[in-house]
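Structure first, commentary second.
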Amino acid sequence: MSDILNLKNIMSGYGKSRVLFTANNLRVFDYLKKPKSAKALAAKLDIDLRATTILLDALTALEFLQKDADFRYVNTSLATLYLVSSSSLYQGDIISHSDTLWKNWSGLDEILKTGKPNRSAHNHNSFIRAMHNLSVLKVKDVIDCIDLSGVKTAIDIGGGPGTYTIELAKRGIETTLFDRPETIAIAKEFVNKSRRKNIKYIEGDFTSDAIGGGYDLAFISQVFHSYSVKECMGLIRKVKKALNKNGKIAIQEFIIEDNMASPLDGAMFSVNMLVNSDHGRCYTVKEMDLWLKKCGLTDISITNVNEAVVLCARLTDQTLDF
Ligand SMILES: C[S@@+](CC[C@H](N)C(=O)[O-])C[C@H]1O[C@@H](n2cnc3c(N)ncnc32)[C@H](O)[C@@H]1O
């Protein structure tokens, strides 16, 4: 792509996002499983006809909808798979969460002056369900990166909606989901739907509350990027004490190279954490590897999977005293 096209794309990218957010908020894709005219959709949703027509044409240009010769609109296969709420790969909650983040990102000019986040918009429900939307696309691949031999018990720290907890439980591991009470309430819905019985819960704040003990594995997924280096290492030390002899820690985070400026998604995610957290950012593999070593973990393995990285490490008899 030429430089000027790239610049224009970045400059106007917000419009494409906004059209998708609004369509998602209106649940347009749930109503367009079968072809409908703009008039029929506007009547169904009780919204303005001119606005509806323009929005549907933009969604057609974005290839979320197709328009037939009779000017009726219907979902494309992409929308059917990811944007219809009954699909198992539904992404509507992460789109809704992105809409919330949009409001916080709008404070970026001020954040640059103060260095303080702008968390004025928050929707905990869509945030936690958004985590399920992301994880459902890769849960098996991520858990496959962990050597589960000898693992009978696990804790999923900051387990969110429980997508990874459920996968560990499916593999016969008694798994404890640790998270804040308001998150556990949502996770219970997902766990109940899965009908897994070998799942326990601990409600609390891992920076101050006890996390239990006797675990063969601690899984810490997409948690570190919200915290400072000191806080991340504090969590590793705390988790270590809760592990059995030869216990393991597995970490999943987004990828950022050592130069902190690529890939683009990682660099942009660091901006997201600038906007939404006090001290967070993406961490490099080198940084996390060092934390694990400093905390006395060994046998560190690193696997790239679905735009994320999974680091696994082990306690040995020699490292128990660190
Ligand atoms: C980005 S989500 C990741 C969820 C899940 N691990 C995943 O990978 O899909 C971070 C999770 O950590 C939880 N969390 C963050 N800080 C926490 C704390 N201090 N105590 C307990 N849970 C915390 C949040 O409630 C949220 O569920």
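Residue numbers start at 1 in each chain; chains themselves are named A, B, ... in the order of the structure tokens; ligands are numbered from 1 in the order shown.
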
What's around stretch 93-107 of chain A at 12 Å? Count only C-alpha atoms, leave out sequence neighbours fewer than 5 positions away in its own chain, and write the answer as a count of residues only.
51

Find the residues around A:Lys33 up to 12 Å (only C-alpha atoms counted), leave out those fewer than 6 positions away in its own chain, and share them as a list of chain:residue names.
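What passes the distance filter is A:Arg27, A:Leu41, A:Phe64, A:Leu65, A:Gln66, A:Arg72, A:Tyr73, A:Val74, A:Asn75, A:Thr76, A:Ser77, A:Leu78, A:Ala79, A:Thr80, A:Leu81, A:Leu83, A:Val84, A:Ser85, A:Ser86, A:Ser87.
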
Next, dump the selected residues to file, keeping only N, CA and C atoms, as a PDB file, in the first residue's frame.
```pdb
ATOM      1  N   ARG A  27     -27.779  -4.914  17.179  1.00  0.00           N
ATOM      2  CA  ARG A  27     -27.942  -6.349  16.877  1.00  0.00           C
ATOM      3  C   ARG A  27     -28.443  -6.577  15.435  1.00  0.00           C
ATOM      4  N   LEU A  41     -36.125  -3.559   8.214  1.00  0.00           N
ATOM      5  CA  LEU A  41     -35.242  -3.542   9.393  1.00  0.00           C
ATOM      6  C   LEU A  41     -35.494  -2.288  10.234  1.00  0.00           C
ATOM      7  N   PHE A  64     -19.641  -7.146   5.558  1.00  0.00           N
ATOM      8  CA  PHE A  64     -20.381  -7.845   6.618  1.00  0.00           C
ATOM      9  C   PHE A  64     -21.763  -8.265   6.114  1.00  0.00           C
ATOM     10  N   LEU A  65     -22.262  -7.553   5.091  1.00  0.00           N
ATOM     11  CA  LEU A  65     -23.577  -7.847   4.499  1.00  0.00           C
ATOM     12  C   LEU A  65     -23.449  -7.977   2.982  1.00  0.00           C
ATOM     13  N   GLN A  66     -24.434  -8.666   2.404  1.00  0.00           N
ATOM     14  CA  GLN A  66     -24.582  -8.673   0.941  1.00  0.00           C
ATOM     15  C   GLN A  66     -25.918  -8.008   0.613  1.00  0.00           C
ATOM     16  N   ARG A  72     -32.321  -6.024  -0.810  1.00  0.00           N
ATOM     17  CA  ARG A  72     -32.469  -6.641   0.521  1.00  0.00           C
ATOM     18  C   ARG A  72     -31.073  -7.018   1.005  1.00  0.00           C
ATOM     19  N   TYR A  73     -30.881  -6.954   2.309  1.00  0.00           N
ATOM     20  CA  TYR A  73     -29.553  -7.172   2.901  1.00  0.00           C
ATOM     21  C   TYR A  73     -29.574  -8.474   3.698  1.00  0.00           C
ATOM     22  N   VAL A  74     -28.442  -9.190   3.652  1.00  0.00           N
ATOM     23  CA  VAL A  74     -28.325 -10.427   4.435  1.00  0.00           C
ATOM     24  C   VAL A  74     -26.866 -10.578   4.889  1.00  0.00           C
ATOM     25  N   ASN A  75     -26.660 -11.281   6.019  1.00  0.00           N
ATOM     26  CA  ASN A  75     -25.305 -11.493   6.537  1.00  0.00           C
ATOM     27  C   ASN A  75     -24.419 -12.226   5.531  1.00  0.00           C
ATOM     28  N   THR A  76     -23.153 -11.854   5.465  1.00  0.00           N
ATOM     29  CA  THR A  76     -22.170 -12.666   4.735  1.00  0.00           C
ATOM     30  C   THR A  76     -21.761 -13.827   5.649  1.00  0.00           C
ATOM     31  N   SER A  77     -20.941 -14.736   5.126  1.00  0.00           N
ATOM     32  CA  SER A  77     -20.518 -15.886   5.955  1.00  0.00           C
ATOM     33  C   SER A  77     -19.695 -15.396   7.152  1.00  0.00           C
ATOM     34  N   LEU A  78     -18.923 -14.320   6.956  1.00  0.00           N
ATOM     35  CA  LEU A  78     -18.120 -13.759   8.060  1.00  0.00           C
ATOM     36  C   LEU A  78     -19.041 -13.299   9.201  1.00  0.00           C
ATOM     37  N   ALA A  79     -20.099 -12.567   8.838  1.00  0.00           N
ATOM     38  CA  ALA A  79     -21.042 -12.078   9.862  1.00  0.00           C
ATOM     39  C   ALA A  79     -21.774 -13.239  10.521  1.00  0.00           C
ATOM     40  N   THR A  80     -22.130 -14.249   9.724  1.00  0.00           N
ATOM     41  CA  THR A  80     -22.841 -15.413  10.282  1.00  0.00           C
ATOM     42  C   THR A  80     -21.976 -16.105  11.336  1.00  0.00           C
ATOM     43  N   LEU A  81     -20.683 -16.222  11.045  1.00  0.00           N
ATOM     44  CA  LEU A  81     -19.783 -16.951  11.950  1.00  0.00           C
ATOM     45  C   LEU A  81     -19.460 -16.161  13.213  1.00  0.00           C
ATOM     46  N   LEU A  83     -20.672 -12.648  14.069  1.00  0.00           N
ATOM     47  CA  LEU A  83     -21.449 -11.489  14.530  1.00  0.00           C
ATOM     48  C   LEU A  83     -22.889 -11.813  14.925  1.00  0.00           C
ATOM     49  N   VAL A  84     -23.294 -13.048  14.701  1.00  0.00           N
ATOM     50  CA  VAL A  84     -24.637 -13.472  15.116  1.00  0.00           C
ATOM     51  C   VAL A  84     -24.522 -14.062  16.521  1.00  0.00           C
ATOM     52  N   SER A  85     -25.353 -13.573  17.451  1.00  0.00           N
ATOM     53  CA  SER A  85     -25.117 -13.868  18.877  1.00  0.00           C
ATOM     54  C   SER A  85     -25.251 -15.346  19.229  1.00  0.00           C
ATOM     55  N   SER A  86     -25.928 -16.142  18.394  1.00  0.00           N
ATOM     56  CA  SER A  86     -26.064 -17.571  18.716  1.00  0.00           C
ATOM     57  C   SER A  86     -24.843 -18.389  18.254  1.00  0.00           C
ATOM     58  N   SER A  87     -23.896 -17.769  17.536  1.00  0.00           N
ATOM     59  CA  SER A  87     -22.722 -18.523  17.057  1.00  0.00           C
ATOM     60  C   SER A  87     -21.756 -18.799  18.208  1.00  0.00           C
TER      61      SER A  87
END
```

Could you give me, as a PyMOL selection string, every polymer residue with an atom at most 6 Å away from an atom of ligand 1, counting only C-alpha atoms and all ligand atoms?
chain A and resi 131-132+135+158-160+179-180+183+204-207+221-223

Write the residues of the selection above to a file with C-alpha atoms, as a short mmCIF file (atom, residue, chain, number, x, y, z; two decimals), in the first residue's frame.
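This went into selection_26.cif:
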```
data_model
loop_
_atom_site.label_atom_id
_atom_site.label_comp_id
_atom_site.auth_asym_id
_atom_site.auth_seq_id
_atom_site.Cartn_x
_atom_site.Cartn_y
_atom_site.Cartn_z
CA MET A 131 -12.49 -12.25 27.20
CA HIS A 132 -14.53 -15.36 26.36
CA SER A 135 -10.27 -17.11 24.24
CA GLY A 158 -7.61 -13.88 37.01
CA GLY A 159 -9.49 -16.57 35.12
CA GLY A 160 -12.20 -14.16 33.91
CA ASP A 179 -11.02 -13.75 40.34
CA ARG A 180 -12.97 -10.84 41.77
CA THR A 183 -16.25 -11.73 37.62
CA GLY A 204 -10.79 -12.14 45.96
CA ASP A 205 -8.06 -9.74 44.95
CA PHE A 206 -4.80 -11.56 44.27
CA THR A 207 -2.75 -8.54 45.34
CA SER A 221 -3.43 -15.52 31.27
CA GLN A 222 -3.60 -11.91 30.09
CA VAL A 223 -3.19 -10.56 33.61
#
```

Return as a PyMOL selection string the full set of residues in stretch 116-314 of chain A whose backbone-based DSSP assignment is strand (DSSP E).
chain A and resi 153-157+174-179+199-203+215-221+243-254+298-305+308-314

Which residue, A:His225, A:Gly234, A:Trp291, A:Ala308, has the smallest gap to A:Pro263 when you use only C-alpha atoms?
A:Ala308

Could you write out, as a VMD selection string, all the residues of stretch 217-313 of chain A that DSSP marks as helix (DSSP H, G or I)?
chain A and resid 224 to 226 229 to 241 264 to 276 285 to 294

Go ahead and dump the residues you just picked, C-alpha atoms, as a tab-separated table (two decimals), in the first residue's frame.
```tsv
chain	number	residue	atom	x	y	z
A	224	PHE	CA	0.36	-9.14	33.74
A	225	HIS	CA	-0.26	-6.44	31.14
A	226	SER	CA	-2.47	-4.55	33.63
A	229	VAL	CA	6.92	-5.13	36.79
A	230	LYS	CA	7.03	-5.09	40.60
A	231	GLU	CA	3.41	-6.22	40.86
A	232	CYS	CA	3.90	-8.99	38.27
A	233	MET	CA	6.94	-10.35	40.11
A	234	GLY	CA	5.02	-10.11	43.40
A	235	LEU	CA	2.28	-12.26	41.86
A	236	ILE	CA	4.77	-14.84	40.58
A	237	ARG	CA	6.30	-15.10	44.09
A	238	LYS	CA	2.87	-15.47	45.67
A	239	VAL	CA	1.82	-18.12	43.15
A	240	LYS	CA	5.06	-20.02	43.67
A	241	LYS	CA	4.25	-20.51	47.35
A	264	LEU	CA	1.57	-3.30	15.47
A	265	ASP	CA	-1.12	-5.08	17.56
A	266	GLY	CA	1.24	-5.34	20.53
A	267	ALA	CA	2.30	-1.69	20.32
A	268	MET	CA	-1.37	-0.63	20.09
A	269	PHE	CA	-2.28	-2.86	23.01
A	270	SER	CA	0.31	-1.08	25.13
A	271	VAL	CA	-1.54	2.15	24.33
A	272	ASN	CA	-4.71	0.42	25.50
A	273	MET	CA	-3.06	-0.32	28.82
A	274	LEU	CA	-1.75	3.25	29.04
A	275	VAL	CA	-5.37	4.40	28.64
A	276	ASN	CA	-6.92	1.85	30.98
A	285	VAL	CA	9.30	-12.55	26.40
A	286	LYS	CA	12.76	-11.51	27.57
A	287	GLU	CA	11.26	-9.54	30.49
A	288	MET	CA	8.89	-12.33	31.58
A	289	ASP	CA	11.62	-14.95	31.19
A	290	LEU	CA	13.82	-12.86	33.50
A	291	TRP	CA	11.07	-12.51	36.12
A	292	LEU	CA	10.55	-16.27	36.17
A	293	LYS	CA	14.29	-16.88	36.54
A	294	LYS	CA	14.65	-14.22	39.25
```

Taking 2 positions as the minimum chain separation for residues in the same chain, which residues sit within 12 Å of A:Ala40 when counting only C-alpha atoms? Answer as an mmCIF file with N, CA and C atoms, in the first residue's frame.
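This went into part27.cif:
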```
data_model
loop_
_atom_site.group_PDB
_atom_site.id
_atom_site.type_symbol
_atom_site.label_atom_id
_atom_site.label_comp_id
_atom_site.auth_asym_id
_atom_site.auth_seq_id
_atom_site.Cartn_x
_atom_site.Cartn_y
_atom_site.Cartn_z
ATOM 1 N N VAL A 28 -27.952 -5.734 14.525
ATOM 2 C CA VAL A 28 -28.340 -5.811 13.114
ATOM 3 C C VAL A 28 -28.135 -7.229 12.566
ATOM 4 N N TYR A 31 -30.720 -9.804 13.140
ATOM 5 C CA TYR A 31 -31.957 -9.607 12.367
ATOM 6 C C TYR A 31 -31.770 -9.902 10.883
ATOM 7 N N LEU A 32 -30.503 -10.031 10.446
ATOM 8 C CA LEU A 32 -30.285 -10.229 9.005
ATOM 9 C C LEU A 32 -29.771 -11.631 8.678
ATOM 10 N N LYS A 34 -31.795 -13.733 7.588
ATOM 11 C CA LYS A 34 -32.543 -13.872 6.326
ATOM 12 C C LYS A 34 -32.639 -12.492 5.686
ATOM 13 N N PRO A 35 -32.689 -12.417 4.320
ATOM 14 C CA PRO A 35 -32.691 -11.106 3.646
ATOM 15 C C PRO A 35 -33.854 -10.217 4.085
ATOM 16 N N LYS A 36 -33.531 -8.934 4.302
ATOM 17 C CA LYS A 36 -34.551 -7.941 4.690
ATOM 18 C C LYS A 36 -34.226 -6.621 4.004
ATOM 19 N N SER A 37 -35.270 -5.866 3.682
ATOM 20 C CA SER A 37 -35.041 -4.510 3.147
ATOM 21 C C SER A 37 -34.676 -3.573 4.292
ATOM 22 N N ALA A 38 -34.108 -2.429 3.924
ATOM 23 C CA ALA A 38 -33.796 -1.416 4.948
ATOM 24 C C ALA A 38 -35.080 -0.979 5.642
ATOM 25 N N ALA A 42 -35.647 -1.137 9.556
ATOM 26 C CA ALA A 42 -35.891 0.117 10.283
ATOM 27 C C ALA A 42 -37.193 0.014 11.087
ATOM 28 N N ALA A 43 -38.195 -0.615 10.487
ATOM 29 C CA ALA A 43 -39.486 -0.764 11.187
ATOM 30 C C ALA A 43 -39.320 -1.695 12.388
ATOM 31 N N LYS A 44 -38.594 -2.804 12.170
ATOM 32 C CA LYS A 44 -38.391 -3.793 13.243
ATOM 33 C C LYS A 44 -37.660 -3.156 14.430
ATOM 34 N N LEU A 45 -36.625 -2.345 14.123
ATOM 35 C CA LEU A 45 -35.802 -1.764 15.199
ATOM 36 C C LEU A 45 -36.312 -0.388 15.652
ATOM 37 N N ASP A 46 -37.348 0.098 14.952
ATOM 38 C CA ASP A 46 -37.910 1.411 15.253
ATOM 39 C C ASP A 46 -36.834 2.506 15.168
ATOM 40 N N ILE A 47 -36.114 2.512 14.029
ATOM 41 C CA ILE A 47 -35.059 3.506 13.810
ATOM 42 C C ILE A 47 -35.287 4.212 12.472
ATOM 43 N N ASP A 48 -34.550 5.260 12.217
ATOM 44 C CA ASP A 48 -34.745 6.114 11.044
ATOM 45 C C ASP A 48 -34.377 5.383 9.739
ATOM 46 N N LEU A 49 -35.238 5.494 8.721
ATOM 47 C CA LEU A 49 -35.028 4.737 7.470
ATOM 48 C C LEU A 49 -33.800 5.217 6.686
ATOM 49 N N THR A 52 -30.723 4.063 8.456
ATOM 50 C CA THR A 52 -30.592 2.604 8.347
ATOM 51 C C THR A 52 -30.015 2.223 6.987
ATOM 52 N N THR A 53 -30.544 2.832 5.931
ATOM 53 C CA THR A 53 -30.090 2.509 4.566
ATOM 54 C C THR A 53 -28.600 2.820 4.414
ATOM 55 N N PHE A 71 -32.560 -5.041 -3.397
ATOM 56 C CA PHE A 71 -32.121 -4.133 -2.309
ATOM 57 C C PHE A 71 -32.429 -4.695 -0.922
ATOM 58 N N ARG A 72 -32.321 -6.024 -0.810
ATOM 59 C CA ARG A 72 -32.469 -6.641 0.521
ATOM 60 C C ARG A 72 -31.073 -7.018 1.005
ATOM 61 N N TYR A 73 -30.881 -6.954 2.309
ATOM 62 C CA TYR A 73 -29.553 -7.172 2.901
ATOM 63 C C TYR A 73 -29.574 -8.474 3.698
#
```

Between atom CA of A:Asp141 and atom CA of A:Tyr227, what distance in Å does the model show, to one decimal?
25.4 Å

Would you compute the distance between atom CA of A:Lys200 and atom CA of A:Ile220? Give it in Å to one decimal.
16.3 Å

Selected residue of minimal separation from A:Leu243 among A:Val310, A:Ile186, A:Met260, A:Leu315, counting only C-alpha atoms:
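Among the listed residues, A:Leu315 lies closest to A:Leu243.
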
In Å, rounded to a single decimal, give me how far atom CA of A:Ile157 is from atom CA of A:Ala169.
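Interatomic distance, atom CA of A:Ala169 to atom CA of A:Ile157: 14.5 Å.
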